[in-house]
Structure formats: C-alpha cells, structure tokens
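Participant: Sharing protein_28.pdb below, PDB, C-alpha atoms:
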ATOM      1  CA  MET G   1      -1.767  78.995 -70.307
ATOM      2  CA  PRO G   2      -0.069  76.645 -67.870
ATOM      3  CA  VAL G   3      -0.881  72.996 -68.216
ATOM      4  CA  GLN G   4      -2.614  71.629 -65.168
ATOM      5  CA  THR G   5      -1.622  68.184 -63.978
ATOM      6  CA  ALA G   6      -3.540  65.890 -61.734
ATOM      7  CA  PRO G   7      -2.251  65.700 -58.183
ATOM      8  CA  ILE G   8      -0.047  62.740 -57.497
ATOM      9  CA  ALA G   9      -1.610  60.411 -54.944
ATOM     10  CA  PRO G  10       0.597  59.362 -52.059
ATOM     11  CA  THR G  11       2.086  55.963 -52.655
ATOM     12  CA  SER G  12       1.836  53.145 -50.155
ATOM     13  CA  PRO G  13       4.817  51.028 -49.195
ATOM     14  CA  ALA G  14       5.671  48.778 -52.108
ATOM     15  CA  LYS G  15       5.514  45.047 -51.760
ATOM     16  CA  GLY G  16       8.930  43.452 -51.553
ATOM     17  CA  VAL G  17      10.092  42.246 -54.950
ATOM     18  CA  VAL G  18      11.904  38.923 -54.870
ATOM     19  CA  HIS G  19      13.892  37.351 -57.695
ATOM     20  CA  PRO G  20      12.465  33.899 -58.625
ATOM     21  CA  LEU G  21      15.715  32.084 -57.768
ATOM     22  CA  LEU G  22      15.898  33.830 -54.416
ATOM     23  CA  ARG G  23      12.318  32.855 -53.710
ATOM     24  CA  VAL G  24      13.082  29.210 -54.496
ATOM     25  CA  LEU G  25      16.066  29.247 -52.141
ATOM     26  CA  LEU G  26      14.046  30.892 -49.370
ATOM     27  CA  VAL G  27      11.412  28.160 -49.655
ATOM     28  CA  ALA G  28      14.073  25.421 -49.865
ATOM     29  CA  ASN G  29      15.752  26.812 -46.768
ATOM     30  CA  LEU G  30      12.521  26.548 -44.785
ATOM     31  CA  VAL G  31      11.623  23.102 -46.147
ATOM     32  CA  CYS G  32      15.080  21.759 -45.279
ATOM     33  CA  GLN G  33      14.931  23.194 -41.775
ATOM     34  CA  VAL G  34      11.599  21.491 -41.155
ATOM     35  CA  GLY G  35      12.920  18.339 -42.828
ATOM     36  CA  ILE G  36      15.872  18.064 -40.450
ATOM     37  CA  VAL G  37      13.420  18.163 -37.539
ATOM     38  CA  VAL G  38      11.374  15.348 -39.058
ATOM     39  CA  THR G  39      14.415  13.174 -39.781
ATOM     40  CA  GLY G  40      15.664  13.894 -36.277
ATOM     41  CA  GLY G  41      12.316  12.658 -35.011
ATOM     42  CA  LEU G  42      12.731   9.511 -37.087
ATOM     43  CA  VAL G  43      16.119   8.982 -35.423
ATOM     44  CA  ARG G  44      14.462   9.165 -32.016
ATOM     45  CA  LEU G  45      11.458   7.008 -32.840
ATOM     46  CA  THR G  46      13.569   4.202 -34.299
ATOM     47  CA  GLY G  47      16.048   4.263 -31.409
ATOM     48  CA  SER G  48      18.808   5.269 -33.833
ATOM     49  CA  GLY G  49      20.356   8.080 -31.795
ATOM     50  CA  LEU G  50      23.544   6.069 -31.422
ATOM     51  CA  GLY G  51      23.389   4.444 -34.870
ATOM     52  CA  CYS G  52      26.709   6.206 -35.506
ATOM     53  CA  PRO G  53      28.343   5.840 -32.085
ATOM     54  CA  THR G  54      31.135   8.368 -32.684
ATOM     55  CA  TRP G  55      31.447  11.907 -34.070
ATOM     56  CA  PRO G  56      32.422  13.388 -36.495
ATOM     57  CA  GLN G  57      33.113   9.882 -37.820
ATOM     58  CA  CYS G  58      30.291   7.368 -37.913
ATOM     59  CA  VAL G  59      32.545   4.678 -36.466
ATOM     60  CA  PRO G  60      36.243   4.898 -35.612
ATOM     61  CA  GLY G  61      38.124   5.086 -38.898
ATOM     62  CA  SER G  62      35.140   5.786 -41.161
ATOM     63  CA  TYR G  63      32.926   8.803 -41.770
ATOM     64  CA  VAL G  64      30.282   6.577 -43.365
ATOM     65  CA  PRO G  65      28.550   3.458 -42.019
ATOM     66  CA  THR G  66      30.407   0.189 -42.490
ATOM     67  CA  VAL G  67      29.181  -3.309 -43.147
ATOM     68  CA  GLU G  68      30.775  -4.526 -39.921
ATOM     69  CA  GLN G  69      28.735  -2.195 -37.710
ATOM     70  CA  GLU G  70      26.388  -3.826 -35.216
ATOM     71  CA  GLU G  71      23.826  -1.006 -35.406
ATOM     72  CA  GLY G  72      22.032  -2.418 -38.468
ATOM     73  CA  ILE G  73      19.400  -0.112 -39.978
ATOM     74  CA  HIS G  74      20.007   2.417 -37.196
ATOM     75  CA  LYS G  75      23.367   3.399 -38.686
ATOM     76  CA  LEU G  76      21.710   4.337 -41.984
ATOM     77  CA  ILE G  77      18.994   6.387 -40.315
ATOM     78  CA  GLU G  78      21.450   8.337 -38.160
ATOM     79  CA  PHE G  79      23.862   8.825 -41.060
ATOM     80  CA  GLY G  80      21.007  10.064 -43.250
ATOM     81  CA  ASN G  81      20.143  12.672 -40.657
ATOM     82  CA  ARG G  82      23.780  13.791 -40.513
ATOM     83  CA  THR G  83      23.954  13.987 -44.304
ATOM     84  CA  LEU G  84      20.921  16.268 -44.451
ATOM     85  CA  THR G  85      22.879  18.765 -42.360
ATOM     86  CA  GLY G  86      25.299  19.093 -45.265
ATOM     87  CA  LEU G  87      22.412  19.809 -47.645
ATOM     88  CA  LEU G  88      21.181  22.464 -45.249
ATOM     89  CA  GLY G  89      24.582  24.115 -45.376
ATOM     90  CA  PHE G  90      24.676  24.194 -49.186
ATOM     91  CA  VAL G  91      21.176  25.682 -49.357
ATOM     92  CA  ALA G  92      22.106  28.348 -46.789
ATOM     93  CA  LEU G  93      25.262  29.239 -48.726
ATOM     94  CA  GLY G  94      23.295  29.457 -51.956
ATOM     95  CA  LEU G  95      20.739  31.670 -50.243
ATOM     96  CA  LEU G  96      23.429  34.016 -48.957
ATOM     97  CA  TRP G  97      24.917  34.270 -52.464
ATOM     98  CA  ALA G  98      21.489  34.981 -53.970
ATOM     99  CA  LEU G  99      20.852  37.729 -51.419
ATOM    100  CA  PHE G 100      24.108  39.457 -52.357
ATOM    101  CA  ARG G 101      23.325  38.965 -56.042
ATOM    102  CA  TYR G 102      19.640  39.877 -56.200
ATOM    103  CA  ALA G 103      18.759  41.716 -52.970
ATOM    104  CA  ARG G 104      21.869  43.563 -51.888
ATOM    105  CA  GLU G 105      19.766  46.228 -50.212
ATOM    106  CA  ARG G 106      18.074  43.681 -47.887
ATOM    107  CA  ARG G 107      20.538  43.729 -45.027
ATOM    108  CA  ASP G 108      17.910  42.226 -42.736
ATOM    109  CA  LEU G 109      17.644  39.098 -44.885
ATOM    110  CA  ARG G 110      21.415  38.762 -45.172
ATOM    111  CA  THR G 111      21.639  38.863 -41.379
ATOM    112  CA  GLY G 112      19.044  36.107 -41.228
ATOM    113  CA  ALA G 113      21.021  33.991 -43.694
ATOM    114  CA  LEU G 114      24.169  34.413 -41.607
ATOM    115  CA  VAL G 115      22.233  33.363 -38.492
ATOM    116  CA  VAL G 116      21.056  30.239 -40.324
ATOM    117  CA  LEU G 117      24.575  29.393 -41.470
ATOM    118  CA  ALA G 118      26.011  29.854 -37.993
ATOM    119  CA  GLY G 119      23.139  27.844 -36.539
ATOM    120  CA  ILE G 120      23.717  24.927 -38.898
ATOM    121  CA  ALA G 121      27.388  24.794 -37.931
ATOM    122  CA  ALA G 122      26.532  25.031 -34.234
ATOM    123  CA  GLN G 123      23.875  22.326 -34.596
ATOM    124  CA  ALA G 124      26.420  19.979 -36.156
ATOM    125  CA  VAL G 125      28.641  20.453 -33.102
ATOM    126  CA  VAL G 126      25.717  20.041 -30.684
ATOM    127  CA  GLY G 127      24.723  16.872 -32.528
ATOM    128  CA  GLY G 128      28.220  15.542 -32.008
ATOM    129  CA  ILE G 129      28.094  16.400 -28.306
ATOM    130  CA  THR G 130      24.742  14.641 -28.108
ATOM    131  CA  VAL G 131      26.287  11.427 -29.427
ATOM    132  CA  LEU G 132      29.447  11.696 -27.324
ATOM    133  CA  THR G 133      27.396  12.194 -24.141
ATOM    134  CA  GLY G 134      25.262   9.141 -24.858
ATOM    135  CA  LEU G 135      22.136  11.164 -25.723
ATOM    136  CA  ASN G 136      22.059  13.343 -22.630
ATOM    137  CA  PRO G 137      18.372  14.383 -22.498
ATOM    138  CA  TRP G 138      19.086  18.052 -21.852
ATOM    139  CA  ILE G 139      21.483  18.328 -24.770
ATOM    140  CA  VAL G 140      18.958  16.524 -26.968
ATOM    141  CA  ALA G 141      16.336  19.039 -25.814
ATOM    142  CA  PHE G 142      18.639  21.947 -26.633
ATOM    143  CA  HIS G 143      19.329  20.391 -30.037
ATOM    144  CA  PHE G 144      15.607  20.348 -30.829
ATOM    145  CA  LEU G 145      14.929  23.853 -29.514
ATOM    146  CA  ALA G 146      17.839  25.234 -31.542
ATOM    147  CA  SER G 147      16.230  23.661 -34.621
ATOM    148  CA  MET G 148      13.017  25.508 -33.760
ATOM    149  CA  VAL G 149      14.973  28.780 -33.708
ATOM    150  CA  LEU G 150      16.323  28.002 -37.175
ATOM    151  CA  VAL G 151      12.833  27.109 -38.428
ATOM    152  CA  ALA G 152      11.568  30.443 -37.083
ATOM    153  CA  THR G 153      14.448  32.313 -38.727
ATOM    154  CA  ALA G 154      13.847  30.604 -42.070
ATOM    155  CA  SER G 155      10.122  31.384 -41.815
ATOM    156  CA  TRP G 156      10.815  35.004 -40.928
ATOM    157  CA  MET G 157      13.123  35.373 -43.941
ATOM    158  CA  LEU G 158      10.589  33.864 -46.337
ATOM    159  CA  TRP G 159       7.694  36.148 -45.399
ATOM    160  CA  ARG G 160       9.739  39.214 -44.558
ATOM    161  CA  SER G 161      11.208  39.044 -48.068
ATOM    162  CA  THR G 162       7.841  40.113 -49.526
ATOM    163  CA  HIS G 163       6.533  42.005 -46.480
ATOM    164  CA  PRO G 164       9.168  44.500 -45.286
ATOM    165  CA  ALA G 165       9.006  45.528 -41.641
ATOM    166  CA  GLY G 166       6.595  48.272 -40.657
ATOM    167  CA  PRO G 167       4.242  49.405 -37.895
ATOM    168  CA  ALA G 168       1.845  47.006 -36.213
ATOM    169  CA  GLN G 169      -1.397  46.635 -38.143
ATOM    170  CA  VAL G 170      -3.375  45.933 -34.939
ATOM    171  CA  HIS G 171      -4.096  47.635 -31.616
ATOM    172  CA  PRO G 172      -1.012  47.956 -29.360
ATOM    173  CA  LEU G 173      -2.530  45.559 -26.803
ATOM    174  CA  VAL G 174      -2.995  42.925 -29.488
ATOM    175  CA  ASP G 175       0.544  43.546 -30.669
ATOM    176  CA  ARG G 176       1.859  42.949 -27.163
ATOM    177  CA  ALA G 177      -0.287  39.835 -26.850
ATOM    178  CA  GLN G 178       1.623  38.431 -29.826
ATOM    179  CA  VAL G 179       4.763  38.610 -27.709
ATOM    180  CA  ALA G 180       2.977  36.611 -24.996
ATOM    181  CA  VAL G 181       2.048  33.964 -27.584
ATOM    182  CA  VAL G 182       5.685  33.616 -28.617
ATOM    183  CA  ALA G 183       6.826  33.365 -24.973
ATOM    184  CA  VAL G 184       4.265  30.683 -24.111
ATOM    185  CA  LEU G 185       5.097  28.806 -27.310
ATOM    186  CA  VAL G 186       8.722  28.619 -26.143
ATOM    187  CA  VAL G 187       7.528  27.127 -22.847
ATOM    188  CA  VAL G 188       5.294  24.646 -24.676
ATOM    189  CA  LEU G 189       8.161  23.479 -26.885
ATOM    190  CA  ALA G 190      10.580  23.236 -23.963
ATOM    191  CA  LEU G 191       8.152  21.142 -21.925
ATOM    192  CA  GLY G 192       7.541  18.976 -24.975
ATOM    193  CA  THR G 193      11.230  18.078 -25.086
ATOM    194  CA  VAL G 194      11.080  17.067 -21.408
ATOM    195  CA  VAL G 195       8.041  14.888 -22.133
ATOM    196  CA  THR G 196       9.945  13.119 -24.909
ATOM    197  CA  GLY G 197      13.037  12.654 -22.745
ATOM    198  CA  SER G 198      10.875  11.137 -20.005
ATOM    199  CA  GLY G 199       9.077   8.643 -22.231
ATOM    200  CA  PRO G 200       9.837   5.711 -24.529
ATOM    201  CA  HIS G 201      11.057   7.743 -27.526
ATOM    202  CA  SER G 202      14.135   9.566 -26.249
ATOM    203  CA  GLY G 203      16.386   8.253 -29.021
ATOM    204  CA  ASP G 204      17.962   5.072 -27.725
ATOM    205  CA  ALA G 205      16.233   1.689 -27.774
ATOM    206  CA  ASP G 206      18.353   0.434 -24.864
ATOM    207  CA  THR G 207      17.680   3.332 -22.479
ATOM    208  CA  PRO G 208      14.381   4.867 -23.582
ATOM    209  CA  ALA G 209      13.461   7.028 -20.558
ATOM    210  CA  ARG G 210      16.276   9.347 -19.531
ATOM    211  CA  THR G 211      15.184  12.369 -17.466
ATOM    212  CA  GLY G 212      13.817  10.415 -14.519
ATOM    213  CA  PHE G 213      10.641  12.519 -14.419
ATOM    214  CA  ASP G 214       7.223  10.924 -14.216
ATOM    215  CA  PRO G 215       5.952  10.930 -17.845
ATOM    216  CA  ARG G 216       2.324  11.470 -16.803
ATOM    217  CA  THR G 217       3.089  14.495 -14.643
ATOM    218  CA  ILE G 218       5.250  16.137 -17.297
ATOM    219  CA  SER G 219       2.693  15.359 -20.005
ATOM    220  CA  TRP G 220      -0.102  17.084 -18.122
ATOM    221  CA  LEU G 221       2.095  20.061 -17.334
ATOM    222  CA  HIS G 222       2.812  20.281 -21.047
ATOM    223  CA  ALA G 223      -0.922  20.003 -21.777
ATOM    224  CA  ASP G 224      -1.684  22.851 -19.357
ATOM    225  CA  SER G 225       0.777  25.110 -21.169
ATOM    226  CA  VAL G 226      -0.882  24.178 -24.475
ATOM    227  CA  MET G 227      -4.280  25.212 -23.079
ATOM    228  CA  LEU G 228      -2.817  28.583 -22.127
ATOM    229  CA  LEU G 229      -1.389  28.904 -25.629
ATOM    230  CA  VAL G 230      -4.782  28.139 -27.189
ATOM    231  CA  GLY G 231      -6.402  30.863 -25.098
ATOM    232  CA  LEU G 232      -3.792  33.445 -26.035
ATOM    233  CA  VAL G 233      -3.924  32.585 -29.722
ATOM    234  CA  ALA G 234      -7.718  32.887 -29.660
ATOM    235  CA  ALA G 235      -7.426  36.302 -28.003
ATOM    236  CA  VAL G 236      -4.919  37.572 -30.580
ATOM    237  CA  TRP G 237      -7.014  36.188 -33.434
ATOM    238  CA  LEU G 238     -10.119  37.973 -32.143
ATOM    239  CA  GLY G 239      -8.151  41.158 -31.429
ATOM    240  CA  ALA G 240      -6.665  41.143 -34.927
ATOM    241  CA  ALA G 241     -10.109  40.659 -36.452
ATOM    242  CA  VAL G 242     -11.566  43.576 -34.469
ATOM    243  CA  THR G 243      -8.691  46.067 -34.583
ATOM    244  CA  GLY G 244      -6.667  45.064 -37.645
ATOM    245  CA  ARG G 245      -6.262  47.664 -40.398
ATOM    246  CA  ARG G 246      -6.286  44.849 -42.943
ATOM    247  CA  SER G 247      -7.817  41.366 -42.874
ATOM    248  CA  ARG G 248      -4.398  39.842 -43.538
ATOM    249  CA  ALA G 249      -3.488  39.810 -39.829
ATOM    250  CA  SER G 250      -6.677  38.095 -38.682
ATOM    251  CA  ARG G 251      -6.391  35.494 -41.450
ATOM    252  CA  ALA G 252      -2.807  34.741 -40.442
ATOM    253  CA  TRP G 253      -3.779  34.276 -36.808
ATOM    254  CA  GLY G 254      -6.705  32.137 -37.906
ATOM    255  CA  VAL G 255      -4.166  29.785 -39.472
ATOM    256  CA  VAL G 256      -2.233  29.780 -36.195
ATOM    257  CA  MET G 257      -5.440  28.860 -34.351
ATOM    258  CA  ALA G 258      -6.102  25.948 -36.707
ATOM    259  CA  VAL G 259      -2.547  24.592 -36.426
ATOM    260  CA  THR G 260      -2.579  24.981 -32.642
ATOM    261  CA  LEU G 261      -5.843  23.045 -32.273
ATOM    262  CA  ALA G 262      -4.641  20.322 -34.650
ATOM    263  CA  GLN G 263      -1.385  20.010 -32.737
ATOM    264  CA  GLY G 264      -3.235  19.827 -29.431
ATOM    265  CA  LEU G 265      -5.528  17.126 -30.790
ATOM    266  CA  ILE G 266      -2.581  15.050 -32.008
ATOM    267  CA  GLY G 267      -0.945  15.450 -28.605
ATOM    268  CA  TYR G 268      -3.973  14.193 -26.703
ATOM    269  CA  VAL G 269      -4.575  11.302 -29.099
ATOM    270  CA  GLN G 270      -0.956  10.152 -28.957
ATOM    271  CA  TYR G 271      -1.039  10.280 -25.145
ATOM    272  CA  LEU G 272      -4.260   8.271 -24.936
ATOM    273  CA  THR G 273      -3.033   5.706 -27.486
ATOM    274  CA  LYS G 274       0.309   5.077 -25.715
ATOM    275  CA  LEU G 275       2.523   7.155 -28.054
ATOM    276  CA  PRO G 276       2.433   5.329 -31.407
ATOM    277  CA  GLU G 277       5.461   6.278 -33.499
ATOM    278  CA  ALA G 278       3.459   7.704 -36.422
ATOM    279  CA  LEU G 279       1.572  10.143 -34.188
ATOM    280  CA  VAL G 280       4.721  11.181 -32.336
ATOM    281  CA  LEU G 281       6.375  11.983 -35.669
ATOM    282  CA  ALA G 282       3.270  13.916 -36.747
ATOM    283  CA  HIS G 283       3.446  15.832 -33.467
ATOM    284  CA  MET G 284       7.053  16.837 -34.132
ATOM    285  CA  LEU G 285       6.117  17.979 -37.630
ATOM    286  CA  GLY G 286       3.208  19.866 -36.104
ATOM    287  CA  ALA G 287       5.547  21.644 -33.705
ATOM    288  CA  SER G 288       7.590  22.889 -36.655
ATOM    289  CA  LEU G 289       4.487  23.984 -38.554
ATOM    290  CA  LEU G 290       3.223  25.824 -35.478
ATOM    291  CA  VAL G 291       6.491  27.760 -35.281
ATOM    292  CA  VAL G 292       6.154  28.554 -38.993
ATOM    293  CA  ALA G 293       2.554  29.712 -38.571
ATOM    294  CA  VAL G 294       3.265  31.928 -35.550
ATOM    295  CA  THR G 295       6.310  33.502 -37.214
ATOM    296  CA  ARG G 296       4.315  34.180 -40.360
ATOM    297  CA  ALA G 297       1.487  35.778 -38.383
ATOM    298  CA  VAL G 298       3.838  38.083 -36.497
ATOM    299  CA  VAL G 299       5.541  39.142 -39.736
ATOM    300  CA  LEU G 300       2.256  39.834 -41.522
ATOM    301  CA  THR G 301       0.967  41.802 -38.547
ATOM    302  CA  ARG G 302       4.038  44.042 -38.482
ATOM    303  CA  THR G 303       4.592  45.079 -42.064
ATOM    304  CA  ALA G 304       4.680  48.185 -44.224
ATOM    305  CA  VAL G 305       2.901  46.442 -47.095
ATOM    306  CA  ASP G 306      -0.487  48.102 -47.491
ATOM    307  CA  GLU G 307      -2.485  45.308 -49.075
ATOM    308  CA  ASP G 308      -4.503  42.204 -48.227
TER     309      ASP G 308
END
Please rewrite the model in this file as structure tokens.

Facilitator:
Amino acid sequence: MPVQTAPIAPTSPAKGVVHPLLRVLLVANLVCQVGIVVTGGLVRLTGSGLGCPTWPQCVPGSYVPTVEQEEGIHKLIEFGNRTLTGLLGFVALGLLWALFRYARERRDLRTGALVVLAGIAAQAVVGGITVLTGLNPWIVAFHFLASMVLVATASWMLWRSTHPAGPAQVHPLVDRAQVAVVAVLVVVLALGTVVTGSGPHSGDADTPARTGFDPRTISWLHADSVMLLVGLVAAVWLGAAVTGRRSRASRAWGVVMAVTLAQGLIGYVQYLTKLPEALVLAHMLGASLLVVAVTRAVVLTRTAVDED
C-alpha cells in the first residue's frame, strides 16, 4: 500500500538572512553617513567652513592643522569633519568586502556599496571645491544634497538586506503616491539648503548670508513645501492602512508621519526663535532621519517578505 504524504504547503518568500558582521557594517555605514551630515552642520553653525583654508591640505604645506594657524578652534572642527570622511571610506570598503564574503548572491547590495564608495570619493572632491570657491552657496547646497543621497542609499541597503525586493504591498495608487512623497521631499531638502545659504549659518562667520535671497521669503516657501509633504505623507499612511496586505507598511509610514511632524515643529520653532544653533543642528539631524524613515517605508512597502 503506498504511503500517503501530506501535501507540501507553498512557501512564502524567505526573509533575507544577514551575517552578524555584515549587519554591523550596514548599521555602521548608515550611522556614519548621518554623522557626517551632523558634523557638517557643526562646521556651518560654528562658522568653520574655512577653518582649513586650502584643500586637500589644511594649510599650505600641512595636511593637518598647525599651531600657527589663525583659525583657532575652527581649524579643528573643519579638520574633524574631513577626517570622518576617511572613516566613512574604511567602513564602505569593509562593507563591500563583507558583501563579497557573506552575501555574494546579493548583487543589489554590492551595487549599493559601490555607489556609496563612489559617493564618498566624489563628496571629498566636492568638499574641496567648496573650500576653494570660498563656500559658494550652491556648491554647499549640492554637497548637502549629495549627502542625503548617500544617507538614502545606506538606509536602502540596511533594510533591503532583510527585505528583498518584491511587489507593492499596497494599492497601486498608494504605491504611486510614495513616488510623489519622495519627489516633494527632494524639493523640501533643496529649499532647505537655500534657506540656510540665505541666513546667518551658511558656514562662514565673516560672510554669513551668501545667496542674496530674502531669508523670510525663502523660509516660507520652504514651509509651504513642508505642508505639502505632510499632506502627502498622511495620504500614503492612510492608504497603506486601508489597502496594505500587511500592517508593516502602515506602521512604517506612521513613523514617517511622526518624523515629518517633529521636523516641521523644529523648523517653525527655530524660525520663531531666530535660528539658535542647537535647533538648527537638530533640524539637520531631523532631515537625515526623515530621509532614513522615508527610504525604510518605501523598502518595507515593496518587498517579497511575507510577514509583519
């Protein structure tokens, strides 16, 4: 008599398995990318953008600050920011090695690591151009926005490592609305750089306002774009809650909503209190965290992992 076996249930896409060392490097990569934004903000807020007046040397004849420099504490702050770029490079190289060693099949993550490496090298060059052009506001803005791209890439790698790509877990209209959120977020960040370049914290204590735009006008234009972003995020959050196949997507967009509102609140408070340095730095950190949150939400909404 033939032995009957129970039917094999169809398997769902397996959750990405990540080696512990690879996971540590993925987290370190993201933390360092956010850290370089924060230290760059410290450079701006302390007027240390020209603390090392030359590039790649700090001063002619020396790659490190010298006692004879007139820049005082500013030279140490700017040099510290430059040094962190080197740490970023070592972490990115270690991450690329770990991907070849422990996740050779994850070509998508290796591509991301190569993008990060190339971006770090390009950012070092852009930073040098920024110094050599006397903190041109548009190059400074590009420098910051490029950092946001690297933060997004690092975030994407971290969450995509455990949530491989798959179909959208929400209604197609909600999925397309996510694209609108990303587009408006780019506008919000770009206008934020113009606000900074038009106000007292553009990176140089001697010439604080550089774009020539009216700070109030640019600030309110930036605020209007933030209001649009809040509305779109709320719509995606609601859409994910109503149409999502799993609660994971709505929870992720709920985090985005919370970070967006917190960032908006910091922005309004710093404007009304005449831009205190601590709040401006918190706002720059918030911008990075918002990019992290949005990237995470998009990844978790488009994944093959069938679990909450």

Participant: Would you please work out which residue, of G:Val37, G:Leu93, G:Val59, G:Val259, is nearest to G:His143 when using all atoms listed in the file?

Facilitator: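 The answer is G:Val37, which sits nearest to G:His143.
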
Participant: For this file, the PyMOL selection byres ((chain G and resi 36) around 12) selects which residues, as a tab-separated table (two decimals) with C-alpha atoms, in the coordinates of the input?

Facilitator:
chain	number	residue	atom	x	y	z
G	29	ASN	CA	15.75	26.81	-46.77
G	30	LEU	CA	12.52	26.55	-44.78
G	31	VAL	CA	11.62	23.10	-46.15
G	32	CYS	CA	15.08	21.76	-45.28
G	33	GLN	CA	14.93	23.19	-41.78
G	34	VAL	CA	11.60	21.49	-41.16
G	35	GLY	CA	12.92	18.34	-42.83
G	37	VAL	CA	13.42	18.16	-37.54
G	38	VAL	CA	11.37	15.35	-39.06
G	39	THR	CA	14.42	13.17	-39.78
G	40	GLY	CA	15.66	13.89	-36.28
G	41	GLY	CA	12.32	12.66	-35.01
G	42	LEU	CA	12.73	9.51	-37.09
G	43	VAL	CA	16.12	8.98	-35.42
G	78	GLU	CA	21.45	8.34	-38.16
G	80	GLY	CA	21.01	10.06	-43.25
G	81	ASN	CA	20.14	12.67	-40.66
G	82	ARG	CA	23.78	13.79	-40.51
G	83	THR	CA	23.95	13.99	-44.30
G	84	LEU	CA	20.92	16.27	-44.45
G	85	THR	CA	22.88	18.76	-42.36
G	86	GLY	CA	25.30	19.09	-45.26
G	87	LEU	CA	22.41	19.81	-47.64
G	88	LEU	CA	21.18	22.46	-45.25
G	89	GLY	CA	24.58	24.12	-45.38
G	120	ILE	CA	23.72	24.93	-38.90
G	123	GLN	CA	23.88	22.33	-34.60
G	124	ALA	CA	26.42	19.98	-36.16
G	127	GLY	CA	24.72	16.87	-32.53
G	143	HIS	CA	19.33	20.39	-30.04
G	144	PHE	CA	15.61	20.35	-30.83
G	146	ALA	CA	17.84	25.23	-31.54
G	147	SER	CA	16.23	23.66	-34.62
G	148	MET	CA	13.02	25.51	-33.76
G	150	LEU	CA	16.32	28.00	-37.17
G	151	VAL	CA	12.83	27.11	-38.43
G	284	MET	CA	7.05	16.84	-34.13
G	285	LEU	CA	6.12	17.98	-37.63
G	288	SER	CA	7.59	22.89	-36.66

Participant: Between atom CA of G:Ala165 and atom CA of G:Val179, what is the distance in Å, rounded to a tenth?

Facilitator: 16.1 Å

Participant: Using the chain letters and numbers from the file, which residues does the PyMOL selection byres ((chain G and resi 128) around 12) grab, as JSON, numbers by chain?

Facilitator: {"G": [49, 50, 52, 53, 54, 55, 56, 57, 58, 78, 82, 121, 122, 123, 124, 125, 126, 127, 129, 130, 131, 132, 133, 134, 135, 136, 139, 140, 143]}

Participant: Can you tell me how far atom CA of G:Leu189 sits from atom CA of G:Ala293, in Å to one decimal?

Facilitator: 14.4 Å

Participant: Selected by the PyMOL selection byres ((chain G and resi 160) around 9) in the shown coordinates: which residues, as a PyMOL selection string?

Facilitator: chain G and resi 16+108-109+155-159+161-165+296+299-300+303

Participant: Ranking G:Leu275, G:Arg176, G:Ala113, G:Leu185 by minimum distance to G:Pro215 and counting all atoms listed in the file, which one comes first?

Facilitator: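 Among G:Leu275, G:Arg176, G:Ala113, G:Leu185, it is G:Leu275 that comes nearest to G:Pro215.
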
Participant: Compare G:Leu114, G:Val269, G:Ala190, G:Ala240 by their minimum atom-to-atom distance to G:Ala168, counting only C-alpha atoms, and give me the closest one.

Facilitator: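 The closest residue to G:Ala168 is G:Ala240.
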
Participant: For each of G:Thr273, G:Thr243, G:Ser198, G:Thr111, take the minimum atom-to-atom distance to G:His171, counting only C-alpha atoms, then give the residue where this is smallest.

Facilitator: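 The closest residue to G:His171 is G:Thr243.
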
Participant: For a quick check of understanding, using only C-alpha atoms, which of G:Ala180, G:Pro200, G:Val64, G:Ala92 has the smallest distance to G:Glu277?

Facilitator: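 The closest residue to G:Glu277 is G:Pro200.
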
Participant: Name the residues in contact with G:Trp237 at a cut-off of 12 Å, using only C-alpha atoms, excluding same-chain residues fewer than 3 positions from it; report them as an NGL selection string.

Facilitator: :G and (170-171 or 174-175 or 177-178 or 181 or 230-234 or 240-244 or 247-258 or 294 or 297-298 or 301)

Participant: Suppose you want the space between atom CA of G:Val236 and atom CA of G:Val291; what is it in Å?

Facilitator: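 Straight-line distance from atom CA of G:Val236 to atom CA of G:Val291 works out to 15.8 Å.
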
Participant: Output stretch 180-191 of chain G with N, CA and C atoms present, as a compact mmCIF listing (two decimals), in the frame of the given file.

Facilitator:
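Saved to selection16.txt:
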# COMPACT_ATOMS: atom_id res chain seq x y z
N ALA G 180 3.34 37.63 -25.99
CA ALA G 180 2.98 36.61 -25.00
C ALA G 180 2.79 35.25 -25.65
N VAL G 181 2.21 35.23 -26.86
CA VAL G 181 2.05 33.96 -27.58
C VAL G 181 3.40 33.33 -27.86
N VAL G 182 4.35 34.14 -28.32
CA VAL G 182 5.68 33.62 -28.62
C VAL G 182 6.34 33.08 -27.35
N ALA G 183 6.21 33.80 -26.23
CA ALA G 183 6.83 33.36 -24.97
C ALA G 183 6.23 32.04 -24.49
N VAL G 184 4.91 31.93 -24.55
CA VAL G 184 4.26 30.68 -24.11
C VAL G 184 4.60 29.54 -25.06
N LEU G 185 4.71 29.85 -26.35
CA LEU G 185 5.10 28.81 -27.31
C LEU G 185 6.47 28.24 -26.97
N VAL G 186 7.40 29.09 -26.55
CA VAL G 186 8.72 28.62 -26.14
C VAL G 186 8.60 27.66 -24.97
N VAL G 187 7.74 28.00 -24.00
CA VAL G 187 7.53 27.13 -22.85
C VAL G 187 6.92 25.80 -23.29
N VAL G 188 5.94 25.87 -24.18
CA VAL G 188 5.29 24.65 -24.68
C VAL G 188 6.32 23.73 -25.34
N LEU G 189 7.15 24.28 -26.19
CA LEU G 189 8.16 23.48 -26.88
C LEU G 189 9.18 22.90 -25.91
N ALA G 190 9.60 23.71 -24.94
CA ALA G 190 10.58 23.24 -23.96
C ALA G 190 10.01 22.08 -23.14
N LEU G 191 8.77 22.23 -22.69
CA LEU G 191 8.15 21.14 -21.92
C LEU G 191 7.94 19.91 -22.80
